[in-house]
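Text of the file start.pdb, holding PDB, C-alpha atoms:
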```pdb
ATOM      1  CA  MET A   1     136.272 145.932 107.468
ATOM      2  CA  ARG A   2     139.648 144.188 107.628
ATOM      3  CA  ASP A   3     140.401 141.063 109.626
ATOM      4  CA  PRO A   4     141.831 142.111 113.003
ATOM      5  CA  GLU A   5     145.498 141.258 113.376
ATOM      6  CA  PHE A   6     144.851 139.109 116.461
ATOM      7  CA  TRP A   7     142.884 136.661 114.299
ATOM      8  CA  ARG A   8     146.188 135.567 112.801
ATOM      9  CA  HIS A   9     147.929 134.595 116.041
ATOM     10  CA  GLU A  10     147.338 133.360 119.542
ATOM     11  CA  GLY A  11     147.472 135.948 122.299
ATOM     12  CA  ILE A  12     145.646 137.556 125.184
ATOM     13  CA  ILE A  13     142.796 139.025 123.100
ATOM     14  CA  PRO A  14     141.694 135.698 121.566
ATOM     15  CA  LYS A  15     141.770 134.121 125.022
ATOM     16  CA  LEU A  16     139.651 136.902 126.493
ATOM     17  CA  LEU A  17     137.131 136.535 123.663
ATOM     18  CA  SER A  18     136.886 132.741 123.914
ATOM     19  CA  PRO A  19     133.639 132.842 126.002
ATOM     20  CA  LEU A  20     131.978 134.743 123.151
ATOM     21  CA  SER A  21     133.235 132.103 120.740
ATOM     22  CA  ALA A  22     131.475 129.493 122.852
ATOM     23  CA  ALA A  23     128.266 131.517 122.565
ATOM     24  CA  TRP A  24     128.717 131.677 118.770
ATOM     25  CA  ARG A  25     129.116 127.907 118.609
ATOM     26  CA  ALA A  26     126.031 127.422 120.773
ATOM     27  CA  GLY A  27     123.996 129.643 118.466
ATOM     28  CA  THR A  28     125.194 127.694 115.445
ATOM     29  CA  CYS A  29     124.290 124.418 117.120
ATOM     30  CA  PHE A  30     120.794 125.688 117.940
ATOM     31  CA  ARG A  31     120.290 126.824 114.345
ATOM     32  CA  ASN A  32     121.346 123.434 113.023
ATOM     33  CA  LEU A  33     119.032 121.589 115.402
ATOM     34  CA  THR A  34     116.006 123.741 114.593
ATOM     35  CA  THR A  35     116.379 123.740 110.790
ATOM     36  CA  THR A  36     114.941 121.016 108.574
ATOM     37  CA  PRO A  37     117.131 120.780 105.460
ATOM     38  CA  ARG A  38     115.724 120.203 101.977
ATOM     39  CA  HIS A  39     117.159 118.817  98.750
ATOM     40  CA  PRO A  40     116.246 120.278  95.332
ATOM     41  CA  GLY A  41     116.268 116.966  93.482
ATOM     42  CA  CYS A  42     119.587 117.394  91.678
ATOM     43  CA  PRO A  43     123.213 117.291  92.859
ATOM     44  CA  VAL A  44     124.267 120.231  95.017
ATOM     45  CA  PHE A  45     127.931 121.265  95.043
ATOM     46  CA  CYS A  46     128.844 123.743  97.769
ATOM     47  CA  VAL A  47     131.865 126.025  97.460
ATOM     48  CA  GLY A  48     132.509 127.430 100.922
ATOM     49  CA  ASN A  49     135.212 128.007 103.477
ATOM     50  CA  PHE A  50     135.913 127.674 107.172
ATOM     51  CA  THR A  51     136.817 131.312 107.768
ATOM     52  CA  VAL A  52     135.309 134.711 107.077
ATOM     53  CA  GLY A  53     136.899 136.849 104.394
ATOM     54  CA  GLY A  54     138.123 136.231 100.883
ATOM     55  CA  ALA A  55     139.587 132.844 100.058
ATOM     56  CA  GLY A  56     138.912 132.389  96.345
ATOM     57  CA  LYS A  57     135.392 130.960  96.349
ATOM     58  CA  THR A  58     134.200 132.829  93.254
ATOM     59  CA  PRO A  59     136.904 131.605  90.825
ATOM     60  CA  THR A  60     136.485 128.138  92.340
ATOM     61  CA  ALA A  61     132.744 128.227  91.649
ATOM     62  CA  VAL A  62     133.449 129.277  88.054
ATOM     63  CA  ALA A  63     135.974 126.449  87.613
ATOM     64  CA  LEU A  64     133.398 123.981  88.945
ATOM     65  CA  TYR A  65     130.782 125.396  86.569
ATOM     66  CA  ASN A  66     133.117 124.881  83.613
ATOM     67  CA  LEU A  67     133.815 121.296  84.666
ATOM     68  CA  LEU A  68     130.143 120.427  85.136
ATOM     69  CA  THR A  69     129.320 121.944  81.757
ATOM     70  CA  LYS A  70     132.098 119.906  80.164
ATOM     71  CA  LEU A  71     130.571 116.793  81.758
ATOM     72  CA  GLY A  72     127.249 117.531  80.053
ATOM     73  CA  ARG A  73     125.395 119.090  82.970
ATOM     74  CA  THR A  74     123.382 122.311  83.071
ATOM     75  CA  PRO A  75     124.555 123.891  86.322
ATOM     76  CA  HIS A  76     123.133 127.030  87.901
ATOM     77  CA  PHE A  77     124.765 129.154  90.588
ATOM     78  CA  VAL A  78     122.835 129.912  93.778
ATOM     79  CA  SER A  79     124.050 132.659  96.109
ATOM     80  CA  ARG A  80     122.706 134.529  99.102
ATOM     81  CA  GLY A  81     123.342 137.796  97.304
ATOM     82  CA  TYR A  82     125.430 139.412 100.024
ATOM     83  CA  GLY A  83     125.388 143.180  99.682
ATOM     84  CA  GLY A  84     122.253 143.171  97.533
ATOM     85  CA  SER A  85     118.877 144.571  98.497
ATOM     86  CA  ILE A  86     116.456 141.888  97.289
ATOM     87  CA  GLU A  87     115.621 138.590  98.956
ATOM     88  CA  GLY A  88     114.828 136.509  95.862
ATOM     89  CA  PRO A  89     114.635 133.977  94.492
ATOM     90  CA  HIS A  90     115.694 136.091  91.539
ATOM     91  CA  ARG A  91     117.615 135.128  88.417
ATOM     92  CA  VAL A  92     120.436 137.593  87.921
ATOM     93  CA  ASP A  93     120.409 139.559  84.679
ATOM     94  CA  PRO A  94     124.019 140.678  84.112
ATOM     95  CA  ASP A  95     122.869 143.346  81.660
ATOM     96  CA  ALA A  96     120.181 144.911  83.838
ATOM     97  CA  ASP A  97     120.876 144.118  87.503
ATOM     98  CA  THR A  98     123.277 146.052  89.700
ATOM     99  CA  ALA A  99     125.482 144.998  92.593
ATOM    100  CA  ALA A 100     123.332 147.147  94.871
ATOM    101  CA  LYS A 101     120.379 144.953  93.938
ATOM    102  CA  VAL A 102     121.883 141.450  93.744
ATOM    103  CA  GLY A 103     125.416 141.707  95.166
ATOM    104  CA  ASP A 104     128.756 141.821  93.371
ATOM    105  CA  GLU A 105     129.571 138.100  93.470
ATOM    106  CA  PRO A 106     126.292 136.916  91.862
ATOM    107  CA  LEU A 107     126.688 139.607  89.203
ATOM    108  CA  LEU A 108     130.159 138.278  88.423
ATOM    109  CA  LEU A 109     128.980 134.654  88.408
ATOM    110  CA  ALA A 110     126.177 135.592  86.000
ATOM    111  CA  GLN A 111     128.851 136.574  83.471
ATOM    112  CA  HIS A 112     129.641 132.853  83.233
ATOM    113  CA  GLY A 113     126.291 131.097  83.601
ATOM    114  CA  PRO A 114     122.777 131.182  85.092
ATOM    115  CA  ALA A 115     122.914 132.645  88.593
ATOM    116  CA  TRP A 116     120.236 133.040  91.241
ATOM    117  CA  ILE A 117     120.183 134.998  94.467
ATOM    118  CA  SER A 118     118.022 133.874  97.341
ATOM    119  CA  ARG A 119     118.254 134.545 101.066
ATOM    120  CA  ASN A 120     116.501 131.189 101.425
ATOM    121  CA  ARG A 121     119.122 128.909  99.890
ATOM    122  CA  ALA A 122     116.841 125.866  99.693
ATOM    123  CA  LEU A 123     114.127 127.828  97.898
ATOM    124  CA  GLY A 124     116.716 129.302  95.549
ATOM    125  CA  ALA A 125     118.047 125.855  94.651
ATOM    126  CA  GLU A 126     114.532 124.516  94.081
ATOM    127  CA  THR A 127     113.700 127.492  91.864
ATOM    128  CA  ALA A 128     116.863 126.925  89.822
ATOM    129  CA  ARG A 129     115.992 123.243  89.485
ATOM    130  CA  ASN A 130     112.518 124.120  88.210
ATOM    131  CA  ALA A 131     114.123 126.510  85.708
ATOM    132  CA  GLY A 132     116.173 123.737  84.128
ATOM    133  CA  ALA A 133     119.238 123.238  86.308
ATOM    134  CA  ASN A 134     120.361 119.647  86.787
ATOM    135  CA  ALA A 135     123.229 120.616  89.078
ATOM    136  CA  ILE A 136     123.477 123.389  91.668
ATOM    137  CA  ILE A 137     126.641 125.272  92.598
ATOM    138  CA  LEU A 138     126.066 126.866  95.991
ATOM    139  CA  ASP A 139     128.295 129.911  96.349
ATOM    140  CA  ASP A 140     129.208 129.947 100.033
ATOM    141  CA  GLY A 141     126.692 128.313 102.381
ATOM    142  CA  LEU A 142     128.896 125.623 103.940
ATOM    143  CA  GLN A 143     127.536 126.616 107.351
ATOM    144  CA  ASN A 144     123.943 127.039 106.125
ATOM    145  CA  PRO A 145     121.847 124.057 107.287
ATOM    146  CA  SER A 146     118.763 124.666 105.119
ATOM    147  CA  LEU A 147     120.061 122.883 102.015
ATOM    148  CA  ILE A 148     121.332 119.310 101.756
ATOM    149  CA  LYS A 149     124.652 119.275  99.895
ATOM    150  CA  ASP A 150     125.879 116.290  97.917
ATOM    151  CA  CYS A 151     129.462 117.532  97.858
ATOM    152  CA  SER A 152     131.121 120.419  99.688
ATOM    153  CA  PHE A 153     134.526 121.962  99.109
ATOM    154  CA  ALA A 154     136.328 124.200 101.598
ATOM    155  CA  VAL A 155     138.419 126.833  99.838
ATOM    156  CA  ILE A 156     141.525 127.899 101.767
ATOM    157  CA  ASP A 157     143.897 130.773 101.042
ATOM    158  CA  SER A 158     147.282 129.151 101.661
ATOM    159  CA  SER A 159     148.866 132.419 102.826
ATOM    160  CA  TYR A 160     146.227 132.823 105.550
ATOM    161  CA  GLY A 161     145.183 129.265 106.360
ATOM    162  CA  ILE A 162     142.732 129.264 109.246
ATOM    163  CA  GLY A 163     144.368 132.108 111.173
ATOM    164  CA  ASN A 164     144.658 131.279 114.861
ATOM    165  CA  GLY A 165     142.089 128.506 114.443
ATOM    166  CA  ARG A 166     139.617 130.033 116.884
ATOM    167  CA  VAL A 167     135.915 130.566 116.245
ATOM    168  CA  MET A 168     134.575 134.111 115.905
ATOM    169  CA  PRO A 169     135.030 136.603 117.456
ATOM    170  CA  ALA A 170     138.253 135.227 118.968
ATOM    171  CA  GLY A 171     139.399 134.151 115.511
ATOM    172  CA  PRO A 172     138.290 134.006 111.879
ATOM    173  CA  MET A 173     136.642 130.575 111.979
ATOM    174  CA  ARG A 174     132.918 130.324 111.221
ATOM    175  CA  GLU A 175     132.894 126.977 113.006
ATOM    176  CA  SER A 176     135.446 124.672 114.576
ATOM    177  CA  LEU A 177     137.835 122.905 112.235
ATOM    178  CA  ILE A 178     136.546 119.539 113.454
ATOM    179  CA  SER A 179     132.926 120.316 112.579
ATOM    180  CA  GLY A 180     133.936 121.872 109.257
ATOM    181  CA  LEU A 181     135.974 118.863 108.191
ATOM    182  CA  GLU A 182     132.987 116.606 108.821
ATOM    183  CA  LYS A 183     131.095 118.460 106.067
ATOM    184  CA  VAL A 184     133.612 118.601 103.235
ATOM    185  CA  ARG A 185     134.615 116.168 100.519
ATOM    186  CA  ALA A 186     137.927 117.945  99.899
ATOM    187  CA  ILE A 187     139.916 121.083 100.641
ATOM    188  CA  ILE A 188     140.926 123.345  97.763
ATOM    189  CA  LEU A 189     144.169 125.043  98.791
ATOM    190  CA  ILE A 190     144.907 128.160  96.736
ATOM    191  CA  GLY A 191     148.494 129.375  96.624
ATOM    192  CA  ASP A 192     151.958 127.926  97.039
ATOM    193  CA  LYS A 193     152.183 127.873 100.840
ATOM    194  CA  THR A 194     151.224 124.983 103.132
ATOM    195  CA  PRO A 195     149.487 126.046 106.375
ATOM    196  CA  GLU A 196     150.470 124.072 109.457
ATOM    197  CA  PHE A 197     147.021 122.542 109.970
ATOM    198  CA  ILE A 198     147.202 120.753 106.600
ATOM    199  CA  ALA A 199     149.679 118.229 108.041
ATOM    200  CA  HIS A 200     147.090 117.123 110.606
ATOM    201  CA  LEU A 201     144.154 116.536 108.262
ATOM    202  CA  PRO A 202     142.544 113.093 108.223
ATOM    203  CA  ALA A 203     143.352 110.931 105.212
ATOM    204  CA  SER A 204     139.663 111.027 104.272
ATOM    205  CA  VAL A 205     139.936 114.723 103.321
ATOM    206  CA  PRO A 206     142.135 115.176 100.229
ATOM    207  CA  VAL A 207     143.816 118.491  99.471
ATOM    208  CA  LEU A 208     143.479 119.796  95.905
ATOM    209  CA  ARG A 209     146.135 122.408  95.181
ATOM    210  CA  ALA A 210     145.347 125.295  92.853
ATOM    211  CA  GLY A 211     146.554 128.730  91.895
ATOM    212  CA  ILE A 212     145.129 132.010  90.646
ATOM    213  CA  GLU A 213     146.170 132.845  87.091
ATOM    214  CA  PRO A 214     145.580 136.217  85.403
ATOM    215  CA  ILE A 215     143.648 135.951  82.150
ATOM    216  CA  ASN A 216     144.535 139.385  80.796
ATOM    217  CA  GLY A 217     147.804 139.929  82.653
ATOM    218  CA  ALA A 218     149.742 140.824  79.499
ATOM    219  CA  GLU A 219     147.576 143.937  79.218
ATOM    220  CA  PHE A 220     149.287 145.386  82.305
ATOM    221  CA  ASP A 221     152.877 144.293  81.672
ATOM    222  CA  GLN A 222     155.194 147.277  82.251
ATOM    223  CA  SER A 223     152.193 149.565  82.865
ATOM    224  CA  ARG A 224     152.219 152.177  85.615
ATOM    225  CA  VAL A 225     149.238 151.287  87.762
ATOM    226  CA  LEU A 226     147.191 152.800  90.557
ATOM    227  CA  ALA A 227     145.459 149.744  92.006
ATOM    228  CA  PHE A 228     142.447 149.830  94.301
ATOM    229  CA  ALA A 229     140.354 147.071  95.827
ATOM    230  CA  GLY A 230     137.465 146.517  98.194
ATOM    231  CA  ILE A 231     137.888 142.793  98.838
ATOM    232  CA  GLY A 232     138.720 140.658 101.852
ATOM    233  CA  ARG A 233     142.466 140.416 101.215
ATOM    234  CA  PRO A 234     143.570 143.022  98.653
ATOM    235  CA  SER A 235     147.236 142.047  98.936
ATOM    236  CA  LYS A 236     146.485 138.955  96.823
ATOM    237  CA  PHE A 237     145.192 141.201  94.034
ATOM    238  CA  TYR A 238     148.259 143.430  94.173
ATOM    239  CA  ASP A 239     150.544 140.387  94.109
ATOM    240  CA  SER A 240     148.767 139.091  91.001
ATOM    241  CA  LEU A 241     149.220 142.456  89.289
ATOM    242  CA  ARG A 242     152.932 142.491  90.111
ATOM    243  CA  LYS A 243     153.337 138.949  88.796
ATOM    244  CA  ALA A 244     151.705 140.130  85.571
ATOM    245  CA  GLY A 245     154.464 142.723  85.240
ATOM    246  CA  ALA A 246     152.567 145.817  86.376
ATOM    247  CA  GLN A 247     154.470 148.651  88.044
ATOM    248  CA  ILE A 248     152.215 149.503  90.970
ATOM    249  CA  ILE A 249     152.751 153.165  91.818
ATOM    250  CA  GLN A 250     150.038 153.444  94.477
ATOM    251  CA  THR A 251     147.399 151.279  96.135
ATOM    252  CA  HIS A 252     144.164 152.075  97.949
ATOM    253  CA  ASP A 253     142.341 149.565 100.151
ATOM    254  CA  PHE A 254     138.617 149.796 100.827
ATOM    255  CA  SER A 255     136.386 147.651 103.017
ATOM    256  CA  ASP A 256     135.096 144.362 101.624
ATOM    257  CA  HIS A 257     132.116 144.911  99.257
ATOM    258  CA  HIS A 258     132.624 148.682  99.539
ATOM    259  CA  PRO A 259     130.052 150.749  97.562
ATOM    260  CA  PHE A 260     132.177 153.333  95.783
ATOM    261  CA  THR A 261     130.927 156.902  95.704
ATOM    262  CA  ALA A 262     131.259 159.337  92.819
ATOM    263  CA  GLN A 263     133.590 161.423  94.994
ATOM    264  CA  GLU A 264     135.889 158.455  95.658
ATOM    265  CA  LEU A 265     136.034 157.521  91.989
ATOM    266  CA  GLY A 266     136.715 161.130  91.057
ATOM    267  CA  ASP A 267     139.566 161.291  93.554
ATOM    268  CA  LEU A 268     141.024 158.037  92.227
ATOM    269  CA  ARG A 269     140.871 159.287  88.642
ATOM    270  CA  ALA A 270     142.544 162.558  89.582
ATOM    271  CA  GLU A 271     145.321 160.792  91.467
ATOM    272  CA  ALA A 272     145.895 158.345  88.608
ATOM    273  CA  SER A 273     146.130 161.243  86.169
ATOM    274  CA  ASN A 274     148.665 163.035  88.377
ATOM    275  CA  LEU A 275     150.724 159.845  88.626
ATOM    276  CA  ASP A 276     150.418 159.105  84.902
ATOM    277  CA  ALA A 277     149.055 155.692  85.890
ATOM    278  CA  ARG A 278     146.231 153.384  84.841
ATOM    279  CA  LEU A 279     143.371 152.719  87.248
ATOM    280  CA  VAL A 280     143.053 148.972  87.832
ATOM    281  CA  THR A 281     140.762 147.076  90.183
ATOM    282  CA  THR A 282     139.367 143.574  90.687
ATOM    283  CA  GLN A 283     136.555 141.955  88.730
ATOM    284  CA  LYS A 284     134.313 142.087  91.803
ATOM    285  CA  ASP A 285     134.992 145.758  92.414
ATOM    286  CA  LEU A 286     134.251 146.561  88.780
ATOM    287  CA  MET A 287     130.864 144.847  89.183
ATOM    288  CA  ARG A 288     129.992 147.316  91.954
ATOM    289  CA  LEU A 289     130.571 150.325  89.729
ATOM    290  CA  PRO A 290     127.647 151.711  87.720
ATOM    291  CA  LEU A 291     128.195 151.166  83.992
ATOM    292  CA  GLN A 292     128.593 154.889  83.380
ATOM    293  CA  ASP A 293     131.403 155.045  85.966
ATOM    294  CA  ARG A 294     133.545 152.246  84.505
ATOM    295  CA  ASP A 295     135.153 154.270  81.730
ATOM    296  CA  GLY A 296     138.907 154.443  82.183
ATOM    297  CA  ILE A 297     138.965 151.706  84.840
ATOM    298  CA  SER A 298     140.360 148.286  83.979
ATOM    299  CA  SER A 299     140.081 145.020  85.876
ATOM    300  CA  LEU A 300     142.539 142.177  86.264
ATOM    301  CA  ASP A 301     140.555 139.112  85.236
ATOM    302  CA  ILE A 302     141.538 135.836  86.874
ATOM    303  CA  ARG A 303     140.829 132.120  86.773
ATOM    304  CA  LEU A 304     141.587 129.173  89.012
ATOM    305  CA  VAL A 305     143.987 126.543  87.706
ATOM    306  CA  PHE A 306     144.324 123.181  89.469
ATOM    307  CA  GLU A 307     147.697 121.463  89.722
ATOM    308  CA  ALA A 308     145.990 118.106  89.140
ATOM    309  CA  PRO A 309     142.584 118.800  87.530
ATOM    310  CA  ASP A 310     141.840 115.087  87.291
ATOM    311  CA  GLN A 311     141.484 114.987  91.087
ATOM    312  CA  LEU A 312     138.549 117.399  90.999
ATOM    313  CA  ALA A 313     137.026 115.694  87.962
ATOM    314  CA  LYS A 314     137.175 112.325  89.721
ATOM    315  CA  ILE A 315     135.326 113.652  92.776
ATOM    316  CA  VAL A 316     132.668 115.447  90.730
ATOM    317  CA  THR A 317     132.116 112.468  88.430
ATOM    318  CA  SER A 318     131.679 110.213  91.455
ATOM    319  CA  VAL A 319     129.046 112.527  92.948
ATOM    320  CA  LEU A 320     127.157 112.724  89.659
ATOM    321  CA  ALA A 321     127.187 108.935  89.356
ATOM    322  CA  ASP A 322     125.734 108.585  92.857
ATOM    323  CA  GLY A 323     123.049 111.199  92.172
TER     324      GLY A 323
END
```
Write-out of the structure in structure tokens:
Amino acid sequence: MRDPEFWRHEGIIPKLLSPLSAAWRAGTCFRNLTTTPRHPGCPVFCVGNFTVGGAGKTPTAVALYNLLTKLGRTPHFVSRGYGGSIEGPHRVDPDADTAAKVGDEPLLLAQHGPAWISRNRALGAETARNAGANAIILDDGLQNPSLIKDCSFAVIDSSYGIGNGRVMPAGPMRESLISGLEKVRAIILIGDKTPEFIAHLPASVPVLRAGIEPINGAEFDQSRVLAFAGIGRPSKFYDSLRKAGAQIIQTHDFSDHHPFTAQELGDLRAEASNLDARLVTTQKDLMRLPLQDRDGISSLDIRLVFEAPDQLAKIVTSVLADG
């Protein structure tokens, strides 16, 4: 599923859908009022966003993991396991688990450090704590009221911002900007654009600018590439490939978290062969492919780089000192 175009702008459709947005907000309010949050007994860092769709949460969570490890902590990831079949709590085994079982994002996070999936976020965090974690990185979950967070970051794709600023289904927002800002310690703005709403943020919410950097980009320099992706905003992936020097001959977009079939992969391989091109996809998409189906398919590996990394370190160090 792709974001509808009307989520990006004001217009008649968002206005007509505004009563449903009010119902969404009412449901969220009821959920918050009827949920008793818990704390696992160690600092909880939430990496979330205000909108649905891809914003860069996974590389942000990995960057936060690396920082916490550098500061002497033993962080564990906790994720809902979107797209997976089990409820958890379950510690992800990157060598044995599949995306169909645990979800693609937890499988990717587990390549970097201990990762748990749990539909019950509070129980997942408590289980991770009992397994030795002394810091929790909550992947998504900004709008989940079951777990008390010590520090929350909202990740924003600078090329998309907050769309038309309306709450679902009239817009892409999971909650109003006002309520979201009350929850976050800082905004992490990924990309070189500056959305209009940034100028109106309160001084209490700093903006940490960052960018996506290919790790293995040189591998694709001057290569003919057939690129495919099943992520929220595939254009970002294609842009990264082009910046790495790849010659993109053809692209194929699939729905977010798309489970690729053998027929689809066969068709992609045949087309790539006819075009004399390499098959390249994202790290997340590669995680959704069975091991036996990954031969001949490369991924563009990425990392998040902060313009001023000391800003993030200062916030995290302050939270750890308080906890």
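The nearest approach to Arg166 of chain A among the residues A:Arg73, A:Leu265, A:Pro214, A:Ile178, with all atoms listed in the file taken into account, belongs to A:Ile178.
Distance annotation: of A:Ile188, A:Ala170, A:Cys46, A:Val62, the residue with the minimal separation from Glu5 of chain A is A:Ala170; atom set is only C-alpha atoms.
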* To do: For the file shown, report as an NGL selection string the outcome of the PyMOL selection byres ((chain A and resi 107) around 8) at residue level.
  => :A and (92-94 or 97-99 or 102-106 or 108-111 or 115 or 287)
* To do: Might you spell out which residues the PyMOL selection byres ((chain A and resi 203-213) around 7) would select in the displayed file, as a ChimeraX atom specification?
  => /A:185-191,201-202,214-215,302-307
* Asked: For this file, the PyMOL selection byres ((chain A and resi 228) around 9) selects which residues, as a ChimeraX atom specification?
  -> /A:226-227,229-230,234,238,250-254,268,279-282,285
* **For segment 14-17 of chain A: contacts at 10 Å, only C-alpha atoms, fewer than 4 positions along chain excluded, given as an MDAnalysis selection string** => chainID A and resid 6:10 21:22 164 166:171
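Straight-line separation from atom CA of Phe260 of chain A to atom CA of Arg288 of chain A: 7.5 Å.
Residue nearest Leu123 of chain A, chosen from A:Arg25, A:His200, A:Arg233, A:His39 and counting only C-alpha atoms: A:His39.
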* Structure fact -> re atom CA of Thr261 of chain A and atom CA of Ala244 of chain A: distance 28.6 Å
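You can rank A:Gln222, A:Asn216, A:Asn120, A:Thr60 by their closest distance to Ser79 of chain A using only C-alpha atoms, and at the top of that list sits A:Asn120.
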* With only C-alpha atoms as the basis for distance, which of A:Ser235, A:Asn49, A:Asn274, A:Gln292 is at the shortest distance from Leu142 of chain A? -> A:Asn49
* To do: Determine, counting all atoms listed in the file, which protein, DNA and RNA residues have an atom within 12 Å of an atom of Gly72 of chain A; residues of the same chain fewer than 6 positions away are not included. Present the result as a ChimeraX atom specification.
  => /A:65-66,133-135,317,320
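Here atom CA of Phe197 of chain A is placed at a distance of 28.9 Å from atom CA of His257 of chain A.
Residues with any atom within 10 Å of Arg224 of chain A, counting all atoms listed in the file and excluding same-chain neighbours fewer than 5 positions away, are Gly245, Ala246, Gln247, Ile248, Ile249, Gln250, Ala272, Leu275, Asp276, Ala277, Arg278, Leu279 and Val280 of chain A.
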* Structure fact -> Across A:Arg174, A:Lys193, A:Arg129, A:Lys149, the smallest distance to Gly41 of chain A, with only C-alpha atoms counted, is shown by A:Arg129
Once 6 Å is added on each side, what are the centre and the three edge lengths, in Å to one decimal, of the axis-aligned box enclosing the listed atoms of segment 268-287 of chain A? Present them as JSON.
```
{"center_x": 140.8, "center_y": 152.5, "center_z": 88.6, "size_x": 31.9, "size_y": 33.1, "size_z": 19.6}
```
Missing atoms in segment 214-227 of chain A need filling: write out N, CA and C atoms for it as a PDB file, in the frame of the given file.
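Result saved to result21.pdb:
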```
ATOM      1  N   PRO A 214     146.190 135.103  86.137  1.00  0.00           N
ATOM      2  CA  PRO A 214     145.580 136.217  85.403  1.00  0.00           C
ATOM      3  C   PRO A 214     145.223 135.803  83.979  1.00  0.00           C
ATOM      4  N   ILE A 215     144.070 136.237  83.521  1.00  0.00           N
ATOM      5  CA  ILE A 215     143.648 135.951  82.150  1.00  0.00           C
ATOM      6  C   ILE A 215     144.182 137.016  81.200  1.00  0.00           C
ATOM      7  N   ASN A 216     144.120 138.265  81.651  1.00  0.00           N
ATOM      8  CA  ASN A 216     144.535 139.385  80.796  1.00  0.00           C
ATOM      9  C   ASN A 216     145.767 140.090  81.355  1.00  0.00           C
ATOM     10  N   GLY A 217     146.637 139.331  82.010  1.00  0.00           N
ATOM     11  CA  GLY A 217     147.804 139.929  82.653  1.00  0.00           C
ATOM     12  C   GLY A 217     148.720 140.671  81.700  1.00  0.00           C
ATOM     13  N   ALA A 218     148.845 140.181  80.466  1.00  0.00           N
ATOM     14  CA  ALA A 218     149.742 140.824  79.499  1.00  0.00           C
ATOM     15  C   ALA A 218     149.347 142.273  79.229  1.00  0.00           C
ATOM     16  N   GLU A 219     148.078 142.576  79.447  1.00  0.00           N
ATOM     17  CA  GLU A 219     147.576 143.937  79.218  1.00  0.00           C
ATOM     18  C   GLU A 219     148.244 144.951  80.145  1.00  0.00           C
ATOM     19  N   PHE A 220     148.738 144.470  81.303  1.00  0.00           N
ATOM     20  CA  PHE A 220     149.287 145.386  82.305  1.00  0.00           C
ATOM     21  C   PHE A 220     150.807 145.292  82.433  1.00  0.00           C
ATOM     22  N   ASP A 221     151.425 144.457  81.618  1.00  0.00           N
ATOM     23  CA  ASP A 221     152.877 144.293  81.672  1.00  0.00           C
ATOM     24  C   ASP A 221     153.574 145.624  81.397  1.00  0.00           C
ATOM     25  N   GLN A 222     154.414 146.035  82.333  1.00  0.00           N
ATOM     26  CA  GLN A 222     155.194 147.277  82.251  1.00  0.00           C
ATOM     27  C   GLN A 222     154.333 148.537  82.369  1.00  0.00           C
ATOM     28  N   SER A 223     153.063 148.393  82.718  1.00  0.00           N
ATOM     29  CA  SER A 223     152.193 149.565  82.865  1.00  0.00           C
ATOM     30  C   SER A 223     152.326 150.171  84.261  1.00  0.00           C
ATOM     31  N   ARG A 224     152.303 151.486  84.322  1.00  0.00           N
ATOM     32  CA  ARG A 224     152.219 152.177  85.615  1.00  0.00           C
ATOM     33  C   ARG A 224     150.767 152.080  86.077  1.00  0.00           C
ATOM     34  N   VAL A 225     150.588 151.613  87.308  1.00  0.00           N
ATOM     35  CA  VAL A 225     149.238 151.287  87.762  1.00  0.00           C
ATOM     36  C   VAL A 225     148.953 151.894  89.130  1.00  0.00           C
ATOM     37  N   LEU A 226     147.769 152.483  89.255  1.00  0.00           N
ATOM     38  CA  LEU A 226     147.191 152.800  90.557  1.00  0.00           C
ATOM     39  C   LEU A 226     146.124 151.738  90.799  1.00  0.00           C
ATOM     40  N   ALA A 227     146.362 150.867  91.754  1.00  0.00           N
ATOM     41  CA  ALA A 227     145.459 149.744  92.006  1.00  0.00           C
ATOM     42  C   ALA A 227     144.606 150.019  93.236  1.00  0.00           C
TER      43      ALA A 227
END
```
